[in-house]
Amino acid sequence: MRPSQSFLRIWAVALAVLALLVGTINLAIDPYEVFGTPRLPGISLFKPITRNHALLAKTFQVARAHPATVLIGSSPVHIGIDAAAPVWPSSMRPVYNYGIPGAYETSTSLLTLQEAVAGGGVKYAVVFLDFQNFFSPENPDPALEQEERRFRYLPNGTPNPDARMQRAKDMFLATGTMGALIDSLTTVISQRRPNVLNLAPDGSGTEADFIDAAHSDGIHDLFAQKDVFEAERAQKVTPVMAGWQGTLPDMDAVAAIVAFARAHDVKLTLVIAPHHVDALELYWRAGLWPRVEQMKAELTTLAASRGPGVTLWDFLDYSSFNTEPVPAAGDRRTQTSWFWEPTHFKKQLGEVMIQRMFGSDASIFGTQLTPGNLTAHNARVRADRQTVVCERHSVVLTAYVTPAGSEC
Amino acid sequence: MLFNSYVFIFGFLPVVLAGFYILGARRREWARLWLTAASLLFYAWWRPLNVLLIAPSIFVNYGLSRFLEQTRQTQPRAARMALIAGIVLNLCFLGYFKYLNFGEQALNDLFGAGFLLTHIVLPLGISFITFQKIAFLVDVHAGRVNHFTFREYTLFVLFFPQLIAGPIVHYREMMPQFQAASCRFDAENLAVALSLFFFGLAKKLILADPLGRLVGPLYDQAAAGTPQSMTDAWIAALGFTLQIYFDFSGYCDMALGLARFFGIKLPVNFNSPLKSLGIIDFWSRWHVTLTRFLTAYLYMPITLTMTRRRMARGQPILGARDMGVSAFVTMLAMPTILTMLVSGIWHGAGYTFVLWGLLHGVLLCINHAWRLIRPRIWRDTVSYRRRMAPVAFLLTFLSIVFAMVLFRASTVSAAVILWKGMIGTYGATLPQAVLLRLGPVGGLLLALGVQSAWTSGSFLLTATARIAILLFIALALPNTLELFAAYEPAIGVKPAKTPGRLLHLAAWQPNGTWAIGLACVALAGLMSLGGIHEFIYWQF
């Protein structure tokens, strides 16, 4: 046989063998949780790569999980609410955490809820709402829209014709691509790291990134960084809100979530997610607090109009949880108990919230809003702010972002 | 249809190859017709309307060429008029699709003319096809092409491996190969072709594209008017230089490989341009066939005209002992700058490309001037080359990188922001997380004025590592032409007489080691498919 013929033969065989090998490795390690391959300790127990592929991983996971309760929201839910926490009432289990990091649009929450309910068996939905989303009209995000093509239903509730093809593509990309191979190998290598990021089969994320950053940079830096981000965000939405007429942006998306839950006999709990006082103060000083109260009012009206199947909880207030002091700059040892930074609460606080909403905890943290208590609640929150900010001077970090003026 | 797409690699190419070999075994003419039809399908795949646009142009050019062939000796005046008409027609064709909006925009900017800009869809590869057709007309008129048929002409114009982004080929270097090609399965050609193709695919998808995704946001920020720190500006400049380097290098390798599947060798188009020791050297390595076209059909005619004029006036010409500045300006600088201006405009209809061309023109003039002056200052050429090679390399490299910012930036002001960033106008910053981990070095950097920023440390590390690896590949490793030299990967490429040790060890051979190595490269490339990753040069 001539050398070139022999070359071609070896090349073809090697290519086929290598392709088969790579496909098998990717399938066995399953870095994106697409196939639900059994996890092997030391090889694929932890899934750190899902950090950047949460929507992909969770959409395949939720179809396998058949939960009774689904948690909907963005990264605070993904990180801060443990679907396996012992405080969940047995009637609500199994719980699946469908919080999507980076999902800044409330419309994504509708799509994830539809997706979870389409799998069957969902009786309860707990939808966490980020108050900032109500202050900026949704902007089309091509990357997110691309990700959302795998959902079985479109925002208007009709079947998505692209979903089947997208999922086939997902499965191919999870087995037959270079990215998948690199991610499989990274998954294996990462197993021995002391604080490896993971995505549990019930959708709960780990706090590994925050733990790492808190130890290397200190909690102060985490707060400072997020304060800058939130200050810019508040500044950006202030002019938009100044001339805004009518119901707030994103309220339509929440109404659609409520209508969907009612139509599918799912008991819905809407939750205005808690934030550290730093974040609240940024929006207060940006002059947006009346809009926060408008949001609470509109949500209260919406929840009340849909009957007993919908409840609304407000954790956007002042309590010992969200006013805990932040360690000083350079202090990398002192840790906080309830918040990683102004917008991400810790799992401990997540458990307190679950107990408050679904257990018998009568702590003063969080309030179930009704048309009857809304006005008093808003007045109490304002009074609490006066005490916390002006008398106790608990807010320190935002001072250099948005200087204190005549707010007190 | 992209070379780096599933439909091309697993559908179009195998079918076209199978058809070519089967038909070629019976009658070579059928195989050539099949190849022409396949090329037409390739061109139409993107937008079928493209064929309707290019077909009349092919007919007209063929008719004109026939006329030139018949009249160039008997009616030279008519032939010359036909040639001018042909060139003008082709330039108008190109001008309408590519430059109308830019021209109107420029008039609006300059005189407030108020032209309404309309959206014109650019036919794919129009710049390359137009130049190739002009070159053909000129060659026919000059008697360098003597016999051709319509079938041969269409195959020459439409041959899909070089249709969209070159190389820009001459009829006289292609058609004898088509006529001589066996059009049958040839294991050696296939082995070389597969290797070149997958080398190119890997360069494009594994080396170039990830870098593009890293630097893209930096150019977007500059376009939005955001000042860029020194670190980010250099990442943007170096990153894009390497992105386009491996993108175009990958494309050229794939084009060489694709042509070789059919037994055809294309001319050299890319030859390690970052290893250049001067801008003149750079342009003899980067997009070689464009340089060849512009030199032959624009630069040389202008220079010749100028030379004749000066000689007629009794003025000294270039190279004469009493040559003065005016000879340099009229016979070298002016043609060079004009040629590079055309090169810039050819690359894109925009101010950034105009300036990019002009900048390269100026750099070429400086290089030419130095070549004329240097022997008077430093007589010993051998010692000059030995001692100054690193300086020449560094100056050339920095000039290329600075100029490339214009090539990528969407506006001139964005380029200026990045240039200002590169020279430190907006200060130097490092991510807080990186500075913290640098320990005492971090402290020293802070003392030197480097500021900490809430930017991503992983971005900085990823970008720096990628740039370092790609620089090593581009500057230290042998290129594809050298690796495959024993098998003439491009027209006229021969093995080096004294190959380096690395090249001696790594030179491509049709053996088991290379087959397994290439299978790994091919699999890595194939597994990196799965998105729209256009070649940068396809937009021209």
# chains A, B, ... in the order shown; residues from 1 in each chain; ligands from 1

call {"tool": "interface_residues", "arguments": {"of": "chain A", "to": "chain B", "cutoff": "7 Å", "atoms": "only C-alpha atoms", "output": "VMD selection string"}}
result
chain A and resid 3 to 5 7 to 8 10 to 11 14 to 15 19 176 to 178 225

call {"tool": "residues_around", "arguments": {"residues": "Ile9 in chain B", "least_positions_apart": "4", "cutoff": "12 Å", "atoms": "only C-alpha atoms", "output": "PyMOL selection string"}}
result
chain B and resi 1-5+13-17+194+197-198+201+254+258+522+525-526+529-530

call {"tool": "residues_around", "arguments": {"residues": "Asn133 in chain A", "least_positions_apart": "5", "cutoff": "8 Å", "atoms": "only C-alpha atoms", "output": "number ranges by chain"}}
result
A: 104-106, 249-250

call {"tool": "residues_around", "arguments": {"residues": "Asp253 in chain B", "least_positions_apart": "5", "cutoff": "12 Å", "atoms": "only C-alpha atoms", "output": "PyMOL selection string"}}
result
chain B and resi 3+161-162+166-167+192-204+246-248+258-260+265-271+479-481+483-484+489-490

call {"tool": "atom_distance", "arguments": {"atom1": "CA of Trp419 in chain B", "atom2": "CA of Gly103 in chain B"}}
result
26.6 Å

call {"tool": "select_by_dssp", "arguments": {"residues": "range 211-363 of chain A", "states": "alpha helix (DSSP H)", "output": "MDAnalysis selection string"}}
result
chainID A and resid 211:216 219:242 251:263 277:285 289:305 347:358

call {"tool": "residues_around", "arguments": {"residues": "range 379-392 of chain B", "least_positions_apart": "2", "cutoff": "12 Å", "atoms": "only C-alpha atoms", "output": "PyMOL selection string"}}
result
chain B and resi 274-282+367+370-377+394-399

call {"tool": "write_last_selection", "arguments": {"atoms": "C-alpha atoms", "output": "short mmCIF file (atom, residue, chain, number, x, y, z; two decimals), in the first residue's frame"}}
result
data_model
loop_
_atom_site.label_atom_id
_atom_site.label_comp_id
_atom_site.auth_asym_id
_atom_site.auth_seq_id
_atom_site.Cartn_x
_atom_site.Cartn_y
_atom_site.Cartn_z
CA LEU B 274 4.33 38.73 11.71
CA LYS B 275 7.88 37.50 11.25
CA SER B 276 8.49 40.42 8.89
CA LEU B 277 11.53 42.64 9.32
CA GLY B 278 9.97 45.62 7.57
CA ILE B 279 6.65 46.83 6.19
CA ILE B 280 7.78 46.03 2.64
CA ASP B 281 8.54 42.54 3.86
CA PHE B 282 5.14 42.42 5.58
CA ASN B 367 10.69 51.80 4.83
CA TRP B 370 15.35 53.97 4.87
CA ARG B 371 16.37 51.39 2.30
CA LEU B 372 17.73 54.19 0.12
CA ILE B 373 19.40 56.09 2.94
CA ARG B 374 20.74 53.24 5.07
CA PRO B 375 23.61 52.14 2.77
CA ARG B 376 25.01 55.65 3.05
CA ILE B 377 24.88 55.55 6.86
CA LEU B 394 10.01 45.11 16.84
CA LEU B 395 9.35 48.31 14.90
CA THR B 396 7.49 46.41 12.20
CA PHE B 397 5.48 44.42 14.70
CA LEU B 398 4.44 47.50 16.67
CA SER B 399 3.53 49.36 13.47
#

call {"tool": "residues_around", "arguments": {"residues": "Ala68 in chain A", "least_positions_apart": "3", "cutoff": "10 Å", "atoms": "only C-alpha atoms", "output": "ChimeraX atom specification"}}
result
/A:65,91-96,116-117,120-125,266
